[in-house]
Structure formats: C-alpha cells, structure tokens
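Novice: Dropping in query.pdb, with PDB, C-alpha atoms.
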MODEL        1
ATOM      1  CA  MET A 177     -34.195 -11.651  21.525
ATOM      2  CA  SER A 178     -35.184 -15.144  22.672
ATOM      3  CA  ASP A 179     -33.356 -16.468  25.675
ATOM      4  CA  PRO A 180     -30.800 -19.153  24.977
ATOM      5  CA  GLU A 181     -31.585 -22.652  26.177
ATOM      6  CA  PRO A 182     -30.247 -23.564  29.605
ATOM      7  CA  GLY A 183     -26.683 -24.763  29.383
ATOM      8  CA  THR A 184     -25.941 -22.803  26.209
ATOM      9  CA  TYR A 185     -25.094 -19.240  25.447
ATOM     10  CA  LYS A 186     -25.451 -16.996  22.453
ATOM     11  CA  VAL A 187     -22.549 -15.289  20.854
ATOM     12  CA  ALA A 188     -23.174 -11.870  19.402
ATOM     13  CA  GLU A 189     -22.401 -11.609  15.731
ATOM     14  CA  VAL A 190     -19.624  -9.050  15.449
ATOM     15  CA  LYS A 191     -18.229  -8.078  12.103
ATOM     16  CA  THR A 192     -15.330  -5.842  11.333
ATOM     17  CA  ALA A 193     -14.790  -3.548   8.372
ATOM     18  CA  PRO A 194     -14.425  -5.477   5.108
ATOM     19  CA  PHE A 195     -11.150  -5.714   3.245
ATOM     20  CA  ASP A 196     -10.632  -2.763   0.926
ATOM     21  CA  ALA A 197      -8.419  -3.119  -2.149
ATOM     22  CA  ARG A 198      -7.361   0.508  -1.834
ATOM     23  CA  PHE A 199      -5.527  -0.370   1.383
ATOM     24  CA  PRO A 200      -3.965  -3.800   0.902
ATOM     25  CA  ASN A 201      -1.046  -3.464   3.304
ATOM     26  CA  THR A 202      -0.667  -3.821   7.031
ATOM     27  CA  ASN A 203      -0.897  -0.104   7.743
ATOM     28  CA  GLN A 204      -4.627   0.605   7.794
ATOM     29  CA  ALA A 205      -4.437   4.141   9.135
ATOM     30  CA  ARG A 206      -5.494   5.540   5.799
ATOM     31  CA  TYR A 207      -8.521   3.250   5.723
ATOM     32  CA  CYS A 208      -9.529   4.696   9.086
ATOM     33  CA  TRP A 209      -9.076   8.246   7.797
ATOM     34  CA  GLN A 210     -10.960   7.552   4.590
ATOM     35  CA  GLY A 211     -13.857   5.955   6.481
ATOM     36  CA  TYR A 212     -14.136   8.915   8.818
ATOM     37  CA  ILE A 213     -14.011  11.389   5.932
ATOM     38  CA  ASP A 214     -16.512   9.408   3.863
ATOM     39  CA  PHE A 215     -18.993   9.130   6.723
ATOM     40  CA  HIS A 216     -18.989  12.839   7.393
ATOM     41  CA  ARG A 217     -19.080  13.808   3.746
ATOM     42  CA  CYS A 218     -21.958  11.371   3.282
ATOM     43  CA  THR A 219     -23.971  12.743   6.192
ATOM     44  CA  ASN A 220     -23.263  16.334   5.172
ATOM     45  CA  ILE A 221     -24.489  15.686   1.654
ATOM     46  CA  ARG A 222     -27.277  13.179   2.261
ATOM     47  CA  GLY A 223     -28.385  13.822   5.810
ATOM     48  CA  GLU A 224     -28.088  11.879   9.018
ATOM     49  CA  ASP A 225     -30.549   9.097   8.225
ATOM     50  CA  TYR A 226     -29.231   7.979   4.864
ATOM     51  CA  GLU A 227     -28.631   4.230   5.166
ATOM     52  CA  PRO A 228     -25.446   3.777   3.062
ATOM     53  CA  CYS A 229     -23.645   6.269   5.309
ATOM     54  CA  GLN A 230     -23.761   3.672   8.079
ATOM     55  CA  TYR A 231     -21.324   1.526   6.081
ATOM     56  CA  PHE A 232     -18.679   4.225   6.511
ATOM     57  CA  LYS A 233     -19.593   4.655  10.143
ATOM     58  CA  HIS A 234     -18.951   0.957  10.783
ATOM     59  CA  VAL A 235     -15.660   1.218   8.908
ATOM     60  CA  TYR A 236     -14.309   4.108  10.908
ATOM     61  CA  ARG A 237     -15.641   2.786  14.187
ATOM     62  CA  ALA A 238     -13.834  -0.507  13.524
ATOM     63  CA  MET A 239     -10.610   0.847  12.093
ATOM     64  CA  CYS A 240      -9.946   4.056  14.000
ATOM     65  CA  PRO A 241      -8.587   4.231  17.510
ATOM     66  CA  LYS A 242     -11.145   6.041  19.617
ATOM     67  CA  SER A 243      -8.606   8.724  20.503
ATOM     68  CA  TRP A 244      -8.276   9.593  16.812
ATOM     69  CA  SER A 245     -12.000   9.802  16.135
ATOM     70  CA  ASP A 246     -12.592  11.776  19.333
ATOM     71  CA  MET A 247      -9.775  14.159  18.394
ATOM     72  CA  TRP A 248     -11.213  14.646  14.917
ATOM     73  CA  ASP A 249     -14.710  15.180  16.344
ATOM     74  CA  GLU A 250     -13.341  17.958  18.540
ATOM     75  CA  GLN A 251     -11.471  19.440  15.602
ATOM     76  CA  ARG A 252     -14.592  19.425  13.482
ATOM     77  CA  GLU A 253     -16.527  21.199  16.195
ATOM     78  CA  SER A 254     -13.856  23.839  16.611
ATOM     79  CA  GLY A 255     -13.382  24.240  12.880
ATOM     80  CA  THR A 256      -9.757  23.119  12.805
ATOM     81  CA  PHE A 257     -10.285  19.777  11.075
ATOM     82  CA  ALA A 258      -7.744  19.245   8.300
ATOM     83  CA  GLY A 259      -9.848  17.084   5.977
ATOM     84  CA  ARG A 260     -12.330  18.291   3.452
ATOM     85  CA  VAL A 261     -15.796  17.416   4.761
TER      86      VAL A 261
ATOM     87  CA  MET B   1      55.927 -14.961  -9.209
ATOM     88  CA  ALA B   2      54.739 -13.107 -12.232
ATOM     89  CA  GLU B   3      57.651 -14.277 -14.442
ATOM     90  CA  THR B   4      56.819 -17.967 -14.063
ATOM     91  CA  ASP B   5      53.024 -17.521 -14.652
ATOM     92  CA  THR B   6      51.666 -17.738 -18.178
ATOM     93  CA  LYS B   7      51.671 -14.367 -19.777
ATOM     94  CA  LEU B   8      48.370 -12.498 -19.808
ATOM     95  CA  PRO B   9      47.267 -11.382 -23.259
ATOM     96  CA  HIS B  10      47.680  -7.753 -22.183
ATOM     97  CA  THR B  11      50.144  -6.057 -19.900
ATOM     98  CA  ARG B  12      47.920  -3.383 -18.456
ATOM     99  CA  GLY B  13      45.980  -5.705 -16.117
ATOM    100  CA  LYS B  14      47.882  -4.664 -13.000
ATOM    101  CA  GLY B  15      46.631  -3.830  -9.550
ATOM    102  CA  VAL B  16      43.278  -2.321  -8.715
ATOM    103  CA  TRP B  17      42.750  -0.906 -12.189
ATOM    104  CA  GLY B  18      43.380  -4.352 -13.599
ATOM    105  CA  ILE B  19      40.627  -5.771 -11.446
ATOM    106  CA  ILE B  20      38.250  -3.002 -12.409
ATOM    107  CA  ARG B  21      39.004  -3.471 -16.072
ATOM    108  CA  LYS B  22      38.353  -7.209 -15.706
ATOM    109  CA  LEU B  23      34.991  -6.521 -14.128
ATOM    110  CA  PHE B  24      33.727  -4.026 -16.645
ATOM    111  CA  VAL B  25      35.291  -5.552 -19.770
ATOM    112  CA  PRO B  26      34.032  -9.126 -19.563
ATOM    113  CA  HIS B  27      36.054 -10.530 -22.388
ATOM    114  CA  HIS B  28      39.251  -9.844 -20.451
ATOM    115  CA  GLU B  29      38.117 -12.291 -17.786
ATOM    116  CA  PRO B  30      35.349 -14.543 -19.071
ATOM    117  CA  SER B  31      34.985 -16.440 -15.820
ATOM    118  CA  LEU B  32      33.477 -13.331 -14.281
ATOM    119  CA  ILE B  33      30.602 -13.224 -16.772
ATOM    120  CA  PRO B  34      28.126 -15.331 -14.720
ATOM    121  CA  LEU B  35      28.734 -13.035 -11.759
ATOM    122  CA  LEU B  36      28.059  -9.947 -13.833
ATOM    123  CA  VAL B  37      24.918 -11.480 -15.337
ATOM    124  CA  LEU B  38      23.441 -12.500 -12.028
ATOM    125  CA  VAL B  39      24.317  -9.353 -10.102
ATOM    126  CA  GLY B  40      23.207  -7.158 -12.995
ATOM    127  CA  GLY B  41      19.970  -9.082 -13.268
ATOM    128  CA  ALA B  42      19.287  -8.758  -9.558
ATOM    129  CA  GLY B  43      19.983  -5.034  -9.737
ATOM    130  CA  CYS B  44      17.591  -4.655 -12.639
ATOM    131  CA  CYS B  45      14.902  -6.570 -10.755
ATOM    132  CA  ALA B  46      15.359  -4.311  -7.745
ATOM    133  CA  GLY B  47      15.153  -1.231  -9.950
ATOM    134  CA  LEU B  48      12.040  -2.474 -11.693
ATOM    135  CA  TYR B  49      10.374  -3.217  -8.367
ATOM    136  CA  LEU B  50      11.194   0.266  -7.153
ATOM    137  CA  ALA B  51       9.784   1.758 -10.357
ATOM    138  CA  ARG B  52       6.608  -0.324 -10.025
ATOM    139  CA  MET B  53       6.166   0.866  -6.481
ATOM    140  CA  ALA B  54       6.713   4.493  -7.481
ATOM    141  CA  ILE B  55       4.167   4.300 -10.284
ATOM    142  CA  LYS B  56       1.505   1.808  -9.286
ATOM    143  CA  HIS B  57       1.377   1.780  -5.507
ATOM    144  CA  PRO B  58      -2.002   2.973  -4.246
ATOM    145  CA  ASP B  59      -0.385   5.556  -1.983
ATOM    146  CA  ALA B  60       2.132   6.936  -4.492
ATOM    147  CA  SER B  61       1.413  10.456  -5.641
ATOM    148  CA  TRP B  62       3.793  12.574  -7.723
ATOM    149  CA  ASP B  63       1.456  15.431  -8.567
ATOM    150  CA  LYS B  64      -0.130  17.170  -5.603
ATOM    151  CA  LYS B  65      -2.625  19.048  -7.704
ATOM    152  CA  ASN B  66      -3.977  16.373 -10.015
ATOM    153  CA  SER B  67      -3.726  13.362  -7.776
ATOM    154  CA  PRO B  68      -4.295  14.331  -4.145
ATOM    155  CA  GLU B  69      -5.868  11.035  -3.022
ATOM    156  CA  PRO B  70      -4.331   8.410  -5.312
ATOM    157  CA  TRP B  71      -5.736   5.453  -3.401
ATOM    158  CA  ASN B  72      -9.257   6.430  -4.374
ATOM    159  CA  LYS B  73      -8.404   5.755  -7.998
ATOM    160  CA  VAL B  74      -7.763   2.074  -7.292
ATOM    161  CA  ALA B  75     -10.545  -0.192  -8.554
ATOM    162  CA  ALA B  76     -12.284  -2.313  -5.940
ATOM    163  CA  THR B  77     -11.009  -5.552  -7.491
ATOM    164  CA  GLU B  78      -7.500  -4.430  -8.427
ATOM    165  CA  GLN B  79      -4.720  -6.461  -6.861
ATOM    166  CA  TYR B  80      -1.423  -4.708  -6.263
ATOM    167  CA  LYS B  81       0.288  -7.376  -4.159
ATOM    168  CA  PHE B  82       2.012 -10.209  -5.964
ATOM    169  CA  TYR B  83       0.747 -12.965  -3.731
ATOM    170  CA  SER B  84      -2.533 -12.918  -1.881
ATOM    171  CA  PRO B  85      -3.348 -16.323  -0.429
ATOM    172  CA  ASN B  86      -6.541 -15.606   1.479
ATOM    173  CA  ILE B  87      -8.195 -12.633  -0.210
ATOM    174  CA  ASP B  88      -9.925 -13.231  -3.520
ATOM    175  CA  TYR B  89      -9.895  -9.797  -5.123
ATOM    176  CA  LYS B  90     -12.438 -10.706  -7.746
ATOM    177  CA  LYS B  91     -15.103 -11.152  -5.103
ATOM    178  CA  LEU B  92     -14.625  -7.793  -3.400
ATOM    179  CA  GLU B  93     -17.426  -5.268  -3.542
ATOM    180  CA  PRO B  94     -16.794  -1.546  -3.720
ATOM    181  CA  PRO B  95     -17.972   0.691  -0.880
ATOM    182  CA  PRO B  96     -21.289   2.423  -1.511
ATOM    183  CA  LYS B  97     -21.349   5.643  -3.468
ATOM    184  CA  TYR B  98     -23.050   8.703  -2.092
TER     185      TYR B  98
ENDMDL
END
Now, as a test, write the supplied structure out as structure tokens.

Specialist:
Amino acid sequence: MSDPEPGTYKVAEVKTAPFDARFPNTNQARYCWQGYIDFHRCTNIRGEDYEPCQYFKHVYRAMCPKSWSDMWDEQRESGTFAGRV
Amino acid sequence: MAETDTKLPHTRGKGVWGIIRKLFVPHHEPSLIPLLVLVGGAGCCAGLYLARMAIKHPDASWDKKNSPEPWNKVAATEQYKFYSPNIDYKKLEPPPKY
C-alpha cells in the first residue's frame, strides 16, 4: 500500500453484509444463522478455497456476535451443532 | 321522563339489551351506522393484516415437514414491507449459489 501524503490519512474501506430481502426486518439474527450455515455447507461441499463461500463468511462475520459464532464453532467440533451442515 | 319523550317505534328497546339491539340492528338506530361502518372496517383491516402476516411473512411456517426454512423461498427482489424508502428491492442481487 502506498503511504498517504503528509497531512492526510487513508481510511480503510469497510463494507458490511448486503441487505437481504429474506430478512427485511430489524431482527437480523436469522441472517446471521443463515450466513453461518451457508458458509459451512459451502465449504463442506466445495472445499475451503472456493471463492463464493467467502461471501457467506463475510455475512456471518458481519452479522453474528462473536460469542455466537465461537459457540457454534465449538458445537461443530464436539458434534452437538443443531444445524444441518 | 319516558312519558314526555316521543314514543320509540318499538317498546322492547329498554336497558342494556336495548342498547345491544341498537348496535347490532342498525335500522333501529340509524345514527350509529357510521360508527359500525368505521369500527367494522378497521377490524377487517386488522384481520386482513394478520392473515397477510400469517401467510406471506418470510418467517411464517405452518408445516414443519414441507416448509422448514420458509425464508429461503423468498425471491431476492421480493418486497414484503409496505413502505421501503431507502432500499430499492429491484436492484438487489441474490447471494451466490453453491
């Protein structure tokens, strides 16, 4: 990355998950859940390096509280995860 | 007192039952008709909204077996909300398929 000119600074471009018509209301918990499920289904079917899976990763990283995704990661490792991945 | 008032066309309009009869039989008390129309209309609107929400809401599922994730059946450009000032649903793109 080129250094910014003296006296200026660069702002990182940060985007959040795009609006999804399936979840139009304020409560976005289901969007978080669906993103997490879709990412892991996608990587289980297509492998870790499949590019379109990263879309779902960005969605669940943006939408889910970290405590939820950490809890689900632990559940997946111990085999007690409730979703179908 | 009742004797000096003009006589009602019927004699059974007494007490609470008289009021009830006047509410549910509009031609006994025509001045109550606008009230019945407006309140009935509002009730119907509320019922229709409830029915719309039960049938068309993305999260509404009545059949566990055939429709376990009903929100996934919503098209990417389908608008459920009545008024959406800042989101143009026609320009939304669906998430990638895998």

Novice: I want to know what sits within 8 Å of region 78-89 of chain B, based on only C-alpha atoms, with residues of the same chain fewer than 6 positions away left out; could you give that as a PyMOL selection string?

Specialist: (chain A and resi 197+200) or (chain B and resi 56-58)

Novice: Based on all atoms listed in the file, which of the residues in chain A come within 9 Å of chain B? I want them as an mmCIF file with C-alpha atoms, in the coordinates of the input.

Specialist:
data_model
loop_
_atom_site.group_PDB
_atom_site.id
_atom_site.type_symbol
_atom_site.label_atom_id
_atom_site.label_comp_id
_atom_site.auth_asym_id
_atom_site.auth_seq_id
_atom_site.Cartn_x
_atom_site.Cartn_y
_atom_site.Cartn_z
ATOM 1 C CA PRO A 194 -14.425 -5.477 5.108
ATOM 2 C CA PHE A 195 -11.150 -5.714 3.245
ATOM 3 C CA ASP A 196 -10.632 -2.763 0.926
ATOM 4 C CA ALA A 197 -8.419 -3.119 -2.149
ATOM 5 C CA ARG A 198 -7.361 0.508 -1.834
ATOM 6 C CA PHE A 199 -5.527 -0.370 1.383
ATOM 7 C CA PRO A 200 -3.965 -3.800 0.902
ATOM 8 C CA ASN A 201 -1.046 -3.464 3.304
ATOM 9 C CA ASP A 214 -16.512 9.408 3.863
ATOM 10 C CA ARG A 217 -19.080 13.808 3.746
ATOM 11 C CA CYS A 218 -21.958 11.371 3.282
ATOM 12 C CA ILE A 221 -24.489 15.686 1.654
ATOM 13 C CA ARG A 222 -27.277 13.179 2.261
ATOM 14 C CA PRO A 228 -25.446 3.777 3.062
ATOM 15 C CA CYS A 229 -23.645 6.269 5.309
ATOM 16 C CA TYR A 231 -21.324 1.526 6.081
ATOM 17 C CA PHE A 232 -18.679 4.225 6.511
#

Novice: Taking (-16.3, -1.6, 7.3) in the file's coordinates as the center, which residues reach within 6 Å of it, counting all atoms listed in the file, put as a ChimeraX atom specification?

Specialist: /A:192-194,234-235

Novice: For Arg260 (chain A), list every protein, DNA or RNA residue within 12 Å, evaluated using all atoms listed in the file, and leave out those in the same chain fewer than 4 positions away; present the list as number ranges by chain.

Specialist: A: 209-210, 212-218, 220, 252, 255-256; B: 68-69

Novice: What is the CA of Thr202 (chain A) to CA of Thr219 (chain A) distance in Å?

Specialist: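 Computed distance, CA of Thr202 (chain A) to CA of Thr219 (chain A), equals 28.6 Å.
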
Novice: For the atom pair CA of Leu36 (chain B) and CA of Arg52 (chain B), what is the interatomic distance in Å to one decimal place?

Specialist: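 Taking CA of Leu36 (chain B) as the start and CA of Arg52 (chain B) as the end point, the length is 23.8 Å.
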